[in-house]
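Here is the file upload29.cif (mmCIF, C-alpha atoms).
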data_protein
#
loop_
_atom_site.label_atom_id
_atom_site.label_comp_id
_atom_site.auth_asym_id
_atom_site.auth_seq_id
_atom_site.Cartn_x
_atom_site.Cartn_y
_atom_site.Cartn_z
CA MET A 1 158.94 -117.39 -123.64
CA PHE A 2 157.52 -116.25 -120.28
CA TYR A 3 160.84 -114.64 -119.31
CA ARG A 4 161.32 -112.46 -122.40
CA GLU A 5 161.55 -108.69 -121.89
CA ASN A 6 160.14 -107.71 -125.27
CA GLY A 7 158.47 -104.31 -125.06
CA GLN A 8 160.12 -103.36 -121.76
CA PHE A 9 161.85 -100.13 -122.74
CA LYS A 10 163.94 -97.97 -120.44
CA SER A 11 163.55 -94.23 -120.90
CA SER A 12 165.75 -93.01 -118.01
CA TYR A 13 169.00 -93.89 -116.26
CA ARG A 14 167.04 -94.56 -113.08
CA ALA A 15 164.94 -97.21 -114.83
CA ASP A 16 167.97 -98.74 -116.50
CA GLN A 17 169.92 -99.05 -113.24
CA GLN A 18 167.22 -100.45 -110.96
CA VAL A 19 167.99 -103.57 -108.98
CA PHE A 20 165.58 -105.76 -110.96
CA PRO A 21 165.39 -104.31 -114.49
CA ILE A 22 163.13 -107.09 -115.80
CA LEU A 23 159.44 -106.92 -114.90
CA GLN A 24 159.17 -110.66 -114.32
CA ASP A 25 161.90 -110.46 -111.67
CA ARG A 26 160.14 -107.66 -109.83
CA VAL A 27 156.85 -109.56 -109.87
CA ALA A 28 158.54 -112.78 -108.70
CA ILE A 29 160.36 -111.06 -105.83
CA GLY A 30 157.14 -109.31 -104.79
CA LEU A 31 155.24 -112.61 -104.76
CA VAL A 32 158.00 -114.32 -102.77
CA LEU A 33 157.98 -111.55 -100.16
CA ILE A 34 154.18 -111.62 -99.90
CA PHE A 35 154.27 -115.39 -99.48
CA ALA A 36 157.07 -115.22 -96.88
CA PHE A 37 155.42 -112.48 -94.80
CA ALA A 38 151.71 -113.16 -95.21
CA VAL A 39 151.32 -116.87 -95.95
CA VAL A 40 154.15 -118.79 -94.27
CA PRO A 41 153.35 -117.68 -90.68
CA PHE A 42 149.83 -119.10 -91.04
CA LEU A 43 150.67 -122.31 -92.90
CA ALA A 44 153.96 -123.41 -91.32
CA SER A 45 153.94 -125.37 -88.08
CA ASP A 46 155.85 -124.29 -84.99
CA TYR A 47 158.38 -127.06 -85.57
CA LEU A 48 158.98 -125.99 -89.17
CA MET A 49 159.57 -122.38 -88.17
CA ARG A 50 161.71 -123.07 -85.10
CA ALA A 51 163.81 -125.87 -86.59
CA ILE A 52 164.18 -124.77 -90.22
CA LEU A 53 162.86 -121.34 -91.19
CA ILE A 54 164.24 -119.23 -88.33
CA PRO A 55 167.76 -120.76 -88.53
CA PHE A 56 167.68 -120.43 -92.31
CA VAL A 57 166.78 -116.72 -92.18
CA ILE A 58 169.43 -115.90 -89.57
CA ILE A 59 172.15 -117.94 -91.25
CA SER A 60 171.27 -116.29 -94.57
CA LEU A 61 171.96 -112.93 -92.94
CA ALA A 62 175.30 -114.15 -91.59
CA ALA A 63 176.25 -115.62 -94.98
CA LEU A 64 175.37 -112.28 -96.57
CA GLY A 65 177.89 -110.58 -94.29
CA VAL A 66 180.58 -113.15 -95.09
CA ASN A 67 179.94 -112.71 -98.80
CA VAL A 68 180.52 -108.96 -98.52
CA LEU A 69 184.03 -109.59 -97.19
CA VAL A 70 185.04 -112.78 -98.99
CA GLY A 71 183.04 -112.57 -102.20
CA TYR A 72 183.04 -108.85 -102.97
CA CYS A 73 186.32 -107.71 -101.40
CA GLY A 74 188.30 -110.95 -101.71
CA GLN A 75 189.49 -110.96 -98.07
CA ILE A 76 189.45 -114.53 -96.74
CA SER A 77 188.01 -114.67 -93.22
CA LEU A 78 187.72 -117.53 -90.75
CA GLY A 79 186.58 -115.36 -87.86
CA SER A 80 182.87 -115.16 -88.67
CA GLY A 81 181.93 -117.14 -85.57
CA ALA A 82 183.86 -114.64 -83.44
CA PHE A 83 182.01 -111.71 -85.02
CA MET A 84 178.69 -113.46 -84.30
CA ALA A 85 179.77 -114.01 -80.69
CA VAL A 86 180.76 -110.36 -80.23
CA GLY A 87 177.43 -109.24 -81.69
CA ALA A 88 175.52 -111.61 -79.40
CA TYR A 89 177.36 -110.70 -76.19
CA GLY A 90 177.46 -107.01 -77.09
CA ALA A 91 173.70 -106.91 -77.63
CA TYR A 92 173.23 -108.88 -74.40
CA ASN A 93 175.25 -106.38 -72.35
CA PHE A 94 173.37 -103.41 -73.76
CA PHE A 95 170.03 -105.18 -73.30
CA VAL A 96 170.69 -106.16 -69.67
CA ARG A 97 172.74 -103.21 -68.41
CA PHE A 98 170.31 -100.61 -69.78
CA PRO A 99 166.84 -101.63 -68.57
CA GLY A 100 164.12 -100.57 -70.93
CA LEU A 101 166.36 -100.53 -74.01
CA PRO A 102 164.26 -101.74 -76.97
CA LEU A 103 165.29 -104.95 -78.70
CA ILE A 104 166.04 -103.49 -82.15
CA PRO A 105 168.53 -100.85 -80.85
CA ALA A 106 170.19 -103.55 -78.74
CA LEU A 107 170.66 -105.71 -81.83
CA ILE A 108 172.09 -102.77 -83.78
CA LEU A 109 174.45 -101.85 -80.94
CA GLY A 110 175.61 -105.48 -80.86
CA GLY A 111 176.34 -105.18 -84.57
CA LEU A 112 178.35 -102.01 -83.93
CA CYS A 113 180.41 -103.86 -81.30
CA ALA A 114 181.15 -106.51 -83.90
CA THR A 115 182.09 -103.73 -86.33
CA LEU A 116 184.79 -102.42 -84.00
CA PHE A 117 186.02 -105.96 -83.36
CA GLY A 118 186.11 -106.69 -87.10
CA ILE A 119 188.06 -103.51 -87.89
CA LEU A 120 190.60 -104.43 -85.19
CA PHE A 121 191.22 -107.87 -86.66
CA GLY A 122 190.96 -106.49 -90.20
CA LEU A 123 194.09 -104.37 -89.73
CA PRO A 124 196.37 -107.28 -90.75
CA SER A 125 194.67 -107.23 -94.17
CA LEU A 126 196.62 -104.03 -94.90
CA ARG A 127 199.86 -106.05 -94.89
CA VAL A 128 199.00 -109.70 -95.54
CA LYS A 129 196.62 -111.57 -97.80
CA GLY A 130 195.49 -115.07 -98.69
CA LEU A 131 196.35 -117.83 -96.24
CA TYR A 132 198.13 -115.44 -93.89
CA LEU A 133 195.01 -113.28 -93.61
CA ALA A 134 192.88 -116.37 -92.98
CA VAL A 135 195.14 -117.32 -90.07
CA ALA A 136 195.01 -113.75 -88.74
CA THR A 137 191.22 -113.76 -88.75
CA LEU A 138 191.22 -117.23 -87.22
CA ALA A 139 193.02 -115.65 -84.27
CA ALA A 140 189.87 -113.59 -83.67
CA GLN A 141 188.00 -116.84 -83.08
CA PHE A 142 190.34 -118.05 -80.37
CA PHE A 143 190.55 -114.60 -78.81
CA SER A 144 186.77 -114.28 -78.56
CA ASP A 145 186.49 -117.75 -76.98
CA TRP A 146 189.08 -116.77 -74.37
CA MET A 147 187.55 -113.34 -73.80
CA PHE A 148 184.01 -114.51 -73.11
CA LEU A 149 185.17 -117.42 -70.94
CA ARG A 150 187.77 -115.57 -68.86
CA ILE A 151 186.54 -111.97 -68.62
CA LYS A 152 183.45 -112.34 -66.46
CA TRP A 153 182.30 -108.75 -67.02
CA PHE A 154 180.96 -109.66 -70.46
CA THR A 155 178.75 -112.40 -68.99
CA LEU A 156 177.71 -110.55 -65.79
CA ASP A 157 180.00 -112.76 -63.67
CA THR A 158 178.48 -116.09 -64.68
CA PRO A 159 181.17 -118.78 -64.17
CA SER A 160 180.53 -120.78 -67.36
CA GLY A 161 179.93 -117.87 -69.73
CA SER A 162 176.35 -119.03 -70.25
CA VAL A 163 173.72 -116.26 -70.41
CA SER A 164 170.05 -116.03 -71.34
CA VAL A 165 167.44 -113.45 -72.29
CA SER A 166 163.67 -113.35 -71.93
CA ASN A 167 160.64 -111.07 -72.32
CA LEU A 168 161.63 -109.84 -75.77
CA GLN A 169 159.41 -107.14 -77.23
CA VAL A 170 159.33 -105.03 -80.39
CA PHE A 171 157.11 -101.93 -80.36
CA GLY A 172 155.32 -103.33 -77.34
CA LEU A 173 154.54 -106.65 -79.04
CA PRO A 174 155.94 -109.77 -77.35
CA ILE A 175 158.39 -111.88 -79.35
CA GLU A 176 157.54 -115.27 -77.93
CA SER A 177 155.73 -117.32 -80.55
CA ALA A 178 157.51 -118.98 -83.45
CA ALA A 179 155.65 -116.79 -85.97
CA SER A 180 156.66 -113.53 -84.26
CA LYS A 181 160.31 -114.62 -84.08
CA TYR A 182 160.25 -115.64 -87.74
CA LEU A 183 158.75 -112.33 -88.84
CA LEU A 184 161.28 -110.32 -86.83
CA CYS A 185 164.23 -112.19 -88.35
CA LEU A 186 162.74 -112.01 -91.84
CA ALA A 187 162.15 -108.25 -91.58
CA MET A 188 165.75 -107.70 -90.44
CA LEU A 189 167.03 -109.87 -93.29
CA VAL A 190 165.03 -108.06 -95.97
CA VAL A 191 166.05 -104.58 -94.79
CA ILE A 192 169.75 -105.43 -94.51
CA ALA A 193 169.75 -107.36 -97.81
CA VAL A 194 168.23 -104.39 -99.68
CA LEU A 195 170.75 -101.98 -98.14
CA THR A 196 173.64 -104.34 -98.92
CA LYS A 197 172.49 -104.82 -102.52
CA ASN A 198 172.46 -101.08 -103.08
CA LEU A 199 175.80 -100.70 -101.32
CA VAL A 200 177.62 -103.21 -103.52
CA ARG A 201 176.14 -101.57 -106.64
CA GLY A 202 177.55 -98.18 -105.63
CA ALA A 203 181.01 -96.64 -105.46
CA ILE A 204 181.99 -98.53 -102.30
CA GLY A 205 181.04 -101.87 -103.83
CA ARG A 206 183.03 -101.12 -106.97
CA GLU A 207 186.05 -100.30 -104.80
CA TRP A 208 185.69 -103.63 -103.02
CA MET A 209 185.54 -105.51 -106.31
CA ALA A 210 188.55 -103.64 -107.66
CA ILE A 211 190.54 -104.63 -104.57
CA ARG A 212 189.35 -108.21 -105.00
CA ASP A 213 190.40 -108.41 -108.64
CA MET A 214 193.84 -106.76 -108.25
CA ASP A 215 194.67 -104.54 -105.31
CA VAL A 216 197.83 -103.11 -106.90
CA ALA A 217 195.94 -101.95 -109.99
CA ALA A 218 193.17 -100.56 -107.77
CA ALA A 219 195.71 -98.49 -105.87
CA VAL A 220 197.16 -97.20 -109.15
CA ILE A 221 193.78 -95.85 -110.30
CA GLY A 222 193.25 -94.00 -107.03
CA ILE A 223 191.42 -96.46 -104.78
CA ARG A 224 192.67 -96.43 -101.19
CA PRO A 225 193.28 -100.07 -100.16
CA MET A 226 193.15 -99.24 -96.45
CA TYR A 227 189.75 -97.58 -96.71
CA ALA A 228 188.31 -100.26 -99.01
CA LYS A 229 189.49 -103.24 -96.95
CA LEU A 230 188.58 -101.82 -93.55
CA SER A 231 185.17 -100.66 -94.79
CA ALA A 232 184.52 -104.21 -96.06
CA PHE A 233 185.51 -105.61 -92.67
CA ALA A 234 183.29 -103.05 -90.94
CA VAL A 235 180.17 -103.70 -93.05
CA SER A 236 180.68 -107.46 -93.01
CA SER A 237 181.25 -107.57 -89.25
CA PHE A 238 178.17 -105.43 -88.60
CA ILE A 239 175.92 -107.75 -90.61
CA ILE A 240 177.42 -110.88 -89.04
CA GLY A 241 177.16 -109.28 -85.58
CA VAL A 242 173.46 -108.55 -86.04
CA ALA A 243 172.99 -112.13 -87.25
CA GLY A 244 174.84 -113.40 -84.17
CA ALA A 245 172.61 -111.31 -81.90
CA LEU A 246 169.50 -112.68 -83.61
CA TRP A 247 170.89 -116.22 -83.37
CA ALA A 248 171.42 -115.80 -79.61
CA PHE A 249 168.33 -113.78 -78.69
CA VAL A 250 165.72 -115.26 -81.00
CA TYR A 251 166.86 -118.78 -81.90
CA LEU A 252 168.81 -119.96 -78.85
CA GLY A 253 167.50 -117.85 -75.98
CA ALA A 254 170.34 -119.12 -73.77
CA TRP A 255 173.87 -119.58 -75.03
CA GLU A 256 177.55 -119.86 -74.19
CA PRO A 257 180.74 -119.16 -76.20
CA ALA A 258 180.72 -122.71 -77.60
CA ALA A 259 177.61 -121.76 -79.60
CA PHE A 260 179.87 -119.62 -81.82
CA SER A 261 182.76 -122.01 -82.31
CA VAL A 262 185.11 -122.20 -85.26
CA ASP A 263 182.75 -124.76 -86.82
CA GLN A 264 180.27 -121.93 -87.35
CA SER A 265 182.93 -119.95 -89.21
CA PHE A 266 183.64 -122.86 -91.54
CA ARG A 267 179.94 -123.49 -92.14
CA LEU A 268 179.43 -119.88 -93.18
CA LEU A 269 182.43 -120.05 -95.51
CA PHE A 270 181.06 -123.27 -97.04
CA MET A 271 177.72 -121.55 -97.62
CA VAL A 272 179.38 -118.71 -99.50
CA ILE A 273 181.47 -121.07 -101.64
CA ILE A 274 178.56 -123.33 -102.55
CA GLY A 275 176.05 -120.50 -102.93
CA GLY A 276 178.29 -118.24 -104.98
CA LEU A 277 181.05 -115.76 -104.18
CA GLY A 278 180.25 -112.13 -104.91
CA SER A 279 176.49 -112.63 -105.15
CA ILE A 280 173.69 -111.55 -102.83
CA THR A 281 171.56 -114.39 -104.15
CA GLY A 282 174.39 -116.84 -103.46
CA ALA A 283 174.11 -116.20 -99.71
CA PHE A 284 170.50 -117.38 -99.75
CA PHE A 285 171.23 -120.39 -101.96
CA GLY A 286 174.15 -121.45 -99.78
CA ALA A 287 172.22 -121.04 -96.54
CA ALA A 288 169.27 -122.99 -97.93
CA PHE A 289 171.55 -125.77 -99.12
CA ILE A 290 173.44 -126.10 -95.83
CA THR A 291 170.23 -125.90 -93.78
CA VAL A 292 168.12 -128.31 -95.82
CA LEU A 293 170.79 -130.90 -96.73
CA PRO A 294 171.16 -132.42 -93.22
CA ILE A 295 167.38 -132.81 -92.98
CA VAL A 296 167.23 -134.53 -96.37
CA LEU A 297 170.12 -136.82 -95.45
CA ASN A 298 168.51 -137.78 -92.13
CA GLN A 299 165.38 -138.82 -94.00
CA ALA A 300 166.87 -140.30 -97.18
CA LEU A 301 169.99 -142.19 -96.07
CA PRO A 302 168.18 -144.72 -93.82
CA VAL A 303 165.73 -145.43 -96.64
CA ILE A 304 168.52 -145.87 -99.22
CA ALA A 305 170.46 -148.10 -96.82
CA GLY A 306 167.33 -150.20 -96.28
CA TRP A 307 167.13 -150.91 -100.01
CA PHE A 308 170.42 -152.78 -99.71
CA GLY A 309 169.51 -154.51 -96.46
CA ALA A 310 171.79 -152.32 -94.34
CA GLN A 311 171.35 -149.87 -91.51
CA ILE A 312 173.01 -146.53 -90.94
CA SER A 313 173.41 -144.89 -87.55
CA THR A 314 173.09 -141.23 -86.63
CA VAL A 315 176.88 -140.99 -86.45
CA GLY A 316 177.13 -142.44 -89.95
CA ILE A 317 174.67 -139.84 -91.25
CA ALA A 318 176.76 -137.08 -89.64
CA HIS A 319 179.92 -138.42 -91.30
CA ALA A 320 178.13 -138.71 -94.64
CA GLU A 321 177.02 -135.09 -94.29
CA LEU A 322 180.62 -133.92 -93.80
CA MET A 323 181.85 -136.05 -96.70
CA LEU A 324 179.15 -134.65 -98.97
CA PHE A 325 179.95 -131.08 -97.94
CA GLY A 326 183.64 -131.60 -98.70
CA GLY A 327 182.94 -133.26 -102.03
CA LEU A 328 180.53 -130.51 -103.10
CA ILE A 329 183.02 -127.77 -102.20
CA VAL A 330 185.72 -129.43 -104.32
CA TRP A 331 183.22 -129.95 -107.16
CA PHE A 332 182.05 -126.34 -107.13
CA LEU A 333 185.61 -125.00 -106.98
CA ILE A 334 186.54 -127.07 -110.05
CA VAL A 335 183.36 -127.09 -112.15
CA GLU A 336 181.54 -123.88 -111.18
CA PRO A 337 183.61 -121.57 -108.93
CA HIS A 338 180.75 -119.06 -108.78
CA GLY A 339 178.41 -121.58 -107.15
CA LEU A 340 174.68 -122.06 -107.35
CA ALA A 341 174.07 -118.38 -108.04
CA LYS A 342 175.95 -118.66 -111.32
CA LEU A 343 173.92 -121.71 -112.35
CA TRP A 344 170.75 -119.75 -111.54
CA SER A 345 171.97 -116.76 -113.56
CA THR A 346 172.88 -118.97 -116.52
CA GLY A 347 169.44 -120.56 -116.47
CA LYS A 348 167.79 -117.12 -116.47
CA GLN A 349 169.91 -116.00 -119.42
CA LYS A 350 168.88 -119.06 -121.41
CA LEU A 351 165.22 -118.44 -120.60
CA ARG A 352 165.53 -114.90 -121.97
CA LEU A 353 166.35 -116.39 -125.39
CA TRP A 354 164.36 -119.64 -125.32
CA PRO A 355 163.20 -121.21 -127.63
CA PHE A 356 165.57 -119.49 -130.06
CA PRO A 357 169.12 -120.92 -130.25
CA HIS A 358 170.99 -117.60 -130.54
#
Is it possible to express this structure as structure tokens?
Amino acid sequence: MFYRENGQFKSSYRADQQVFPILQDRVAIGLVLIFAFAVVPFLASDYLMRAILIPFVIISLAALGVNVLVGYCGQISLGSGAFMAVGAYGAYNFFVRFPGLPLIPALILGGLCATLFGILFGLPSLRVKGLYLAVATLAAQFFSDWMFLRIKWFTLDTPSGSVSVSNLQVFGLPIESAASKYLLCLAMLVVIAVLTKNLVRGAIGREWMAIRDMDVAAAVIGIRPMYAKLSAFAVSSFIIGVAGALWAFVYLGAWEPAAFSVDQSFRLLFMVIIGGLGSITGAFFGAAFITVLPIVLNQALPVIAGWFGAQISTVGIAHAELMLFGGLIVWFLIVEPHGLAKLWSTGKQKLRLWPFPH
């Protein structure tokens, strides 16, 4: 009864088409943002922010970019790790080769480098689809690994491809403490998430979804498949590239090409599948699930094994984590293909009618 919208009347198209048409949703989102920006930095410990919150925020941004391409446009991609690597090394080159360049423009320029890289490897989507497109995007992963290991110009002639950054500042404020890094990543996530939400609700987003549902029918009604697919690759690669730059600059500080391996691409795809394809909320649910689950398993599995008089090693916990991920992906694909976001949406719909049965 607390989620009913009785008395909430819409008197204009603008009010009817707002992102959160229900007052309770707007209040809840406002409270969450206030809590995330104003309360968490003062209550959370450095370990909590560095080990959980900062990775969660950055991975949420990367999963958002993957969802644009896979969930909204229906183009399967296994090259997300490569796009993150291009964004990280692109931002690094701009940041180091142009002394005095502010951090935010460097991150955006890294995202633009990933955009060009994504468009290049998105060209096969004009001819192939499905498994063939997945293999084509997987080629981007191997190409980026080779490029950053063999072409020393990208790493300023370091032999191993390992680079590092320091003395990060935004508007003259140092980005050194865990709280400042968390707030920077959170601000970037909120801005890009709002822009992406409005983008997928507009004409471009509807073109992506038409291509996803049936590209032949979309072409018949006047949608240009080349423009729709390449624009999805461009937007997705930009978001993933910015996430990769944040991952390298803010979370890692020093990195090498192995930090953006194919495992990262699969993890991001798992997040989108579990969280919900074609849903902005699903990116956050999937990232939270993948980030929190290993921590829960590390704490819970030894206790559960102790109940039966057994012990479980760290390797066993890692294997159990992979088994659980695989089982959950199969379960979601069979039982709820739209993931956790669909379960959340169904629960909200039931609350709008509760306690009445109709």
**Message:** Here is a test: counting only C-alpha atoms, which residue of A:Val165, A:Ile34, A:Leu131, A:Ile317 is nearest to Pro302 in chain A?
**Reply:**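 Closest candidate: A:Ile317.
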**Message:** One decimal, in Å: what's the spacing between CA of Pro337 in chain A and CA of Gly275 in chain A?
**Reply:**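 Computed distance, CA of Pro337 in chain A to CA of Gly275 in chain A, equals 9.7 Å.
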Contact residues around Gly111 in chain A with only C-alpha atoms at 10 Å, ignoring same-chain residues under 3 positions, as a PDB file with C-alpha atoms, keeping the file's coordinate frame:
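selection.pdb was written with the following content:
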ATOM      1  CA  PHE A  83     182.010-111.710 -85.020  1.00  0.00           C
ATOM      2  CA  MET A  84     178.690-113.460 -84.300  1.00  0.00           C
ATOM      3  CA  VAL A  86     180.760-110.360 -80.230  1.00  0.00           C
ATOM      4  CA  GLY A  87     177.430-109.240 -81.690  1.00  0.00           C
ATOM      5  CA  ALA A  88     175.520-111.610 -79.400  1.00  0.00           C
ATOM      6  CA  GLY A  90     177.460-107.010 -77.090  1.00  0.00           C
ATOM      7  CA  ALA A  91     173.700-106.910 -77.630  1.00  0.00           C
ATOM      8  CA  PRO A 105     168.530-100.850 -80.850  1.00  0.00           C
ATOM      9  CA  ALA A 106     170.190-103.550 -78.740  1.00  0.00           C
ATOM     10  CA  LEU A 107     170.660-105.710 -81.830  1.00  0.00           C
ATOM     11  CA  ILE A 108     172.090-102.770 -83.780  1.00  0.00           C
ATOM     12  CA  ALA A 114     181.150-106.510 -83.900  1.00  0.00           C
ATOM     13  CA  THR A 115     182.090-103.730 -86.330  1.00  0.00           C
ATOM     14  CA  LEU A 116     184.790-102.420 -84.000  1.00  0.00           C
ATOM     15  CA  PHE A 117     186.020-105.960 -83.360  1.00  0.00           C
ATOM     16  CA  ALA A 234     183.290-103.050 -90.940  1.00  0.00           C
ATOM     17  CA  VAL A 235     180.170-103.700 -93.050  1.00  0.00           C
ATOM     18  CA  SER A 236     180.680-107.460 -93.010  1.00  0.00           C
ATOM     19  CA  SER A 237     181.250-107.570 -89.250  1.00  0.00           C
ATOM     20  CA  PHE A 238     178.170-105.430 -88.600  1.00  0.00           C
ATOM     21  CA  ILE A 239     175.920-107.750 -90.610  1.00  0.00           C
ATOM     22  CA  ILE A 240     177.420-110.880 -89.040  1.00  0.00           C
ATOM     23  CA  GLY A 241     177.160-109.280 -85.580  1.00  0.00           C
ATOM     24  CA  VAL A 242     173.460-108.550 -86.040  1.00  0.00           C
ATOM     25  CA  ALA A 243     172.990-112.130 -87.250  1.00  0.00           C
ATOM     26  CA  GLY A 244     174.840-113.400 -84.170  1.00  0.00           C
ATOM     27  CA  ALA A 245     172.610-111.310 -81.900  1.00  0.00           C
TER      28      ALA A 245
END
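Residue nearest Phe171 in chain A, chosen from A:Leu184, A:Val66, A:Ala232, A:Cys113 and counting all atoms listed in the file: A:Leu184.
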**Fill in**
From CA of Lys197 in chain A to CA of Val220 in chain A the spacing works out at 26.7 Å
**Request:** Kindly give the distance, in Å, that separates CA of Ala187 in chain A and CA of Leu61 in chain A, rounded to a single decimal.
**Result:** 11.0 Å
**Asked** Quick one: of A:Gln8, A:Gln349, A:Gln311, A:Ser77, who's nearest to Pro124 in chain A, counting only C-alpha atoms?
**Response**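 Of A:Gln8, A:Gln349, A:Gln311, A:Ser77, the one nearest Pro124 in chain A is A:Ser77, counting only C-alpha atoms.
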**Request:** Taking (171.1, -118.4, -76.4) in the file's own coordinates, collect the residues within 10 Å, counting only C-alpha atoms, and hand them back as a PyMOL selection string.
**Result:** chain A and resi 88-89+92+162-165+244-257+259
What are the closest atom pairs, with distances in Å to one decimal, for each residue of range 100-160 of chain A lying within 12 Å of range 265-273 of chain A, using all atoms listed in the file, rows by chain and rising residue number, as a tab-separated table?
residue	atom	partner	partner_atom	distance
A:Ala134	CA	A:Ser265	CA	11.2
A:Thr137	CA	A:Ser265	CA	10.4
A:Leu138	CA	A:Ser265	CA	8.9
A:Ala140	CA	A:Ser265	CA	10.9
A:Gln141	CA	A:Ser265	CA	8.5
A:Phe142	CA	A:Ser265	CA	11.7
The selected residues should be written to file as a PDB file, in the coordinates of the input (atoms: C-alpha atoms).
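Below you can see selection12.pdb, which holds the result:
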ATOM      1  CA  ALA A 134     192.880-116.370 -92.980  1.00  0.00           C
ATOM      2  CA  THR A 137     191.220-113.760 -88.750  1.00  0.00           C
ATOM      3  CA  LEU A 138     191.220-117.230 -87.220  1.00  0.00           C
ATOM      4  CA  ALA A 140     189.870-113.590 -83.670  1.00  0.00           C
ATOM      5  CA  GLN A 141     188.000-116.840 -83.080  1.00  0.00           C
ATOM      6  CA  PHE A 142     190.340-118.050 -80.370  1.00  0.00           C
TER       7      PHE A 142
END
Range 118-205 of chain A residues near range 277-299 of chain A within 10 Å, closest pair each, using all atoms listed in the file, as a Markdown table:
| residue | atom | partner | partner_atom | distance |
| --- | --- | --- | --- | --- |
| A:Ala193 | CA | A:Ile280 | CA | 7.6 |
| A:Val194 | CA | A:Ile280 | CA | 9.5 |
| A:Thr196 | CA | A:Ile280 | CA | 8.2 |
| A:Lys197 | CA | A:Ile280 | CA | 6.8 |
| A:Val200 | CA | A:Ile280 | CA | 9.2 |
Would you mind putting back all heavy atoms on range 16-21 of chain A, then writing it out as a short mmCIF file (atom, residue, chain, number, x, y, z; two decimals), keeping the file's coordinate frame?
data_model
loop_
_atom_site.label_atom_id
_atom_site.label_comp_id
_atom_site.auth_asym_id
_atom_site.auth_seq_id
_atom_site.Cartn_x
_atom_site.Cartn_y
_atom_site.Cartn_z
N ASP A 16 166.99 -97.80 -115.97
CA ASP A 16 167.97 -98.74 -116.50
C ASP A 16 168.86 -99.33 -115.41
O ASP A 16 169.39 -100.42 -115.56
CB ASP A 16 168.84 -98.04 -117.55
CG ASP A 16 169.69 -99.02 -118.33
OD1 ASP A 16 169.15 -100.04 -118.81
OD2 ASP A 16 170.90 -98.77 -118.46
N GLN A 17 169.02 -98.61 -114.29
CA GLN A 17 169.92 -99.05 -113.24
C GLN A 17 169.20 -99.60 -112.01
O GLN A 17 169.82 -99.76 -110.97
CB GLN A 17 170.81 -97.88 -112.81
CG GLN A 17 171.75 -97.41 -113.91
CD GLN A 17 172.60 -96.23 -113.48
OE1 GLN A 17 172.45 -95.71 -112.38
NE2 GLN A 17 173.50 -95.81 -114.35
N GLN A 18 167.92 -99.90 -112.12
CA GLN A 18 167.22 -100.45 -110.96
C GLN A 18 167.70 -101.87 -110.66
O GLN A 18 168.29 -102.54 -111.51
CB GLN A 18 165.71 -100.43 -111.21
CG GLN A 18 165.26 -101.14 -112.47
CD GLN A 18 163.81 -100.86 -112.77
OE1 GLN A 18 163.01 -100.65 -111.86
NE2 GLN A 18 163.44 -100.87 -114.03
N VAL A 19 167.46 -102.29 -109.43
CA VAL A 19 167.99 -103.57 -108.98
C VAL A 19 167.47 -104.72 -109.82
O VAL A 19 168.22 -105.62 -110.22
CB VAL A 19 167.63 -103.79 -107.49
CG1 VAL A 19 168.12 -105.15 -107.02
CG2 VAL A 19 168.24 -102.69 -106.63
N PHE A 20 166.18 -104.72 -110.13
CA PHE A 20 165.58 -105.76 -110.96
C PHE A 20 165.03 -105.11 -112.22
O PHE A 20 163.88 -104.65 -112.25
CB PHE A 20 164.47 -106.48 -110.20
CG PHE A 20 164.92 -107.15 -108.94
CD1 PHE A 20 164.61 -106.60 -107.70
CD2 PHE A 20 165.68 -108.31 -108.99
CE1 PHE A 20 165.04 -107.20 -106.54
CE2 PHE A 20 166.11 -108.93 -107.82
CZ PHE A 20 165.80 -108.37 -106.60
N PRO A 21 165.83 -105.02 -113.29
CA PRO A 21 165.39 -104.31 -114.49
C PRO A 21 164.30 -105.03 -115.27
O PRO A 21 163.61 -104.41 -116.07
CB PRO A 21 166.67 -104.20 -115.32
CG PRO A 21 167.53 -105.33 -114.86
CD PRO A 21 167.21 -105.53 -113.41
#
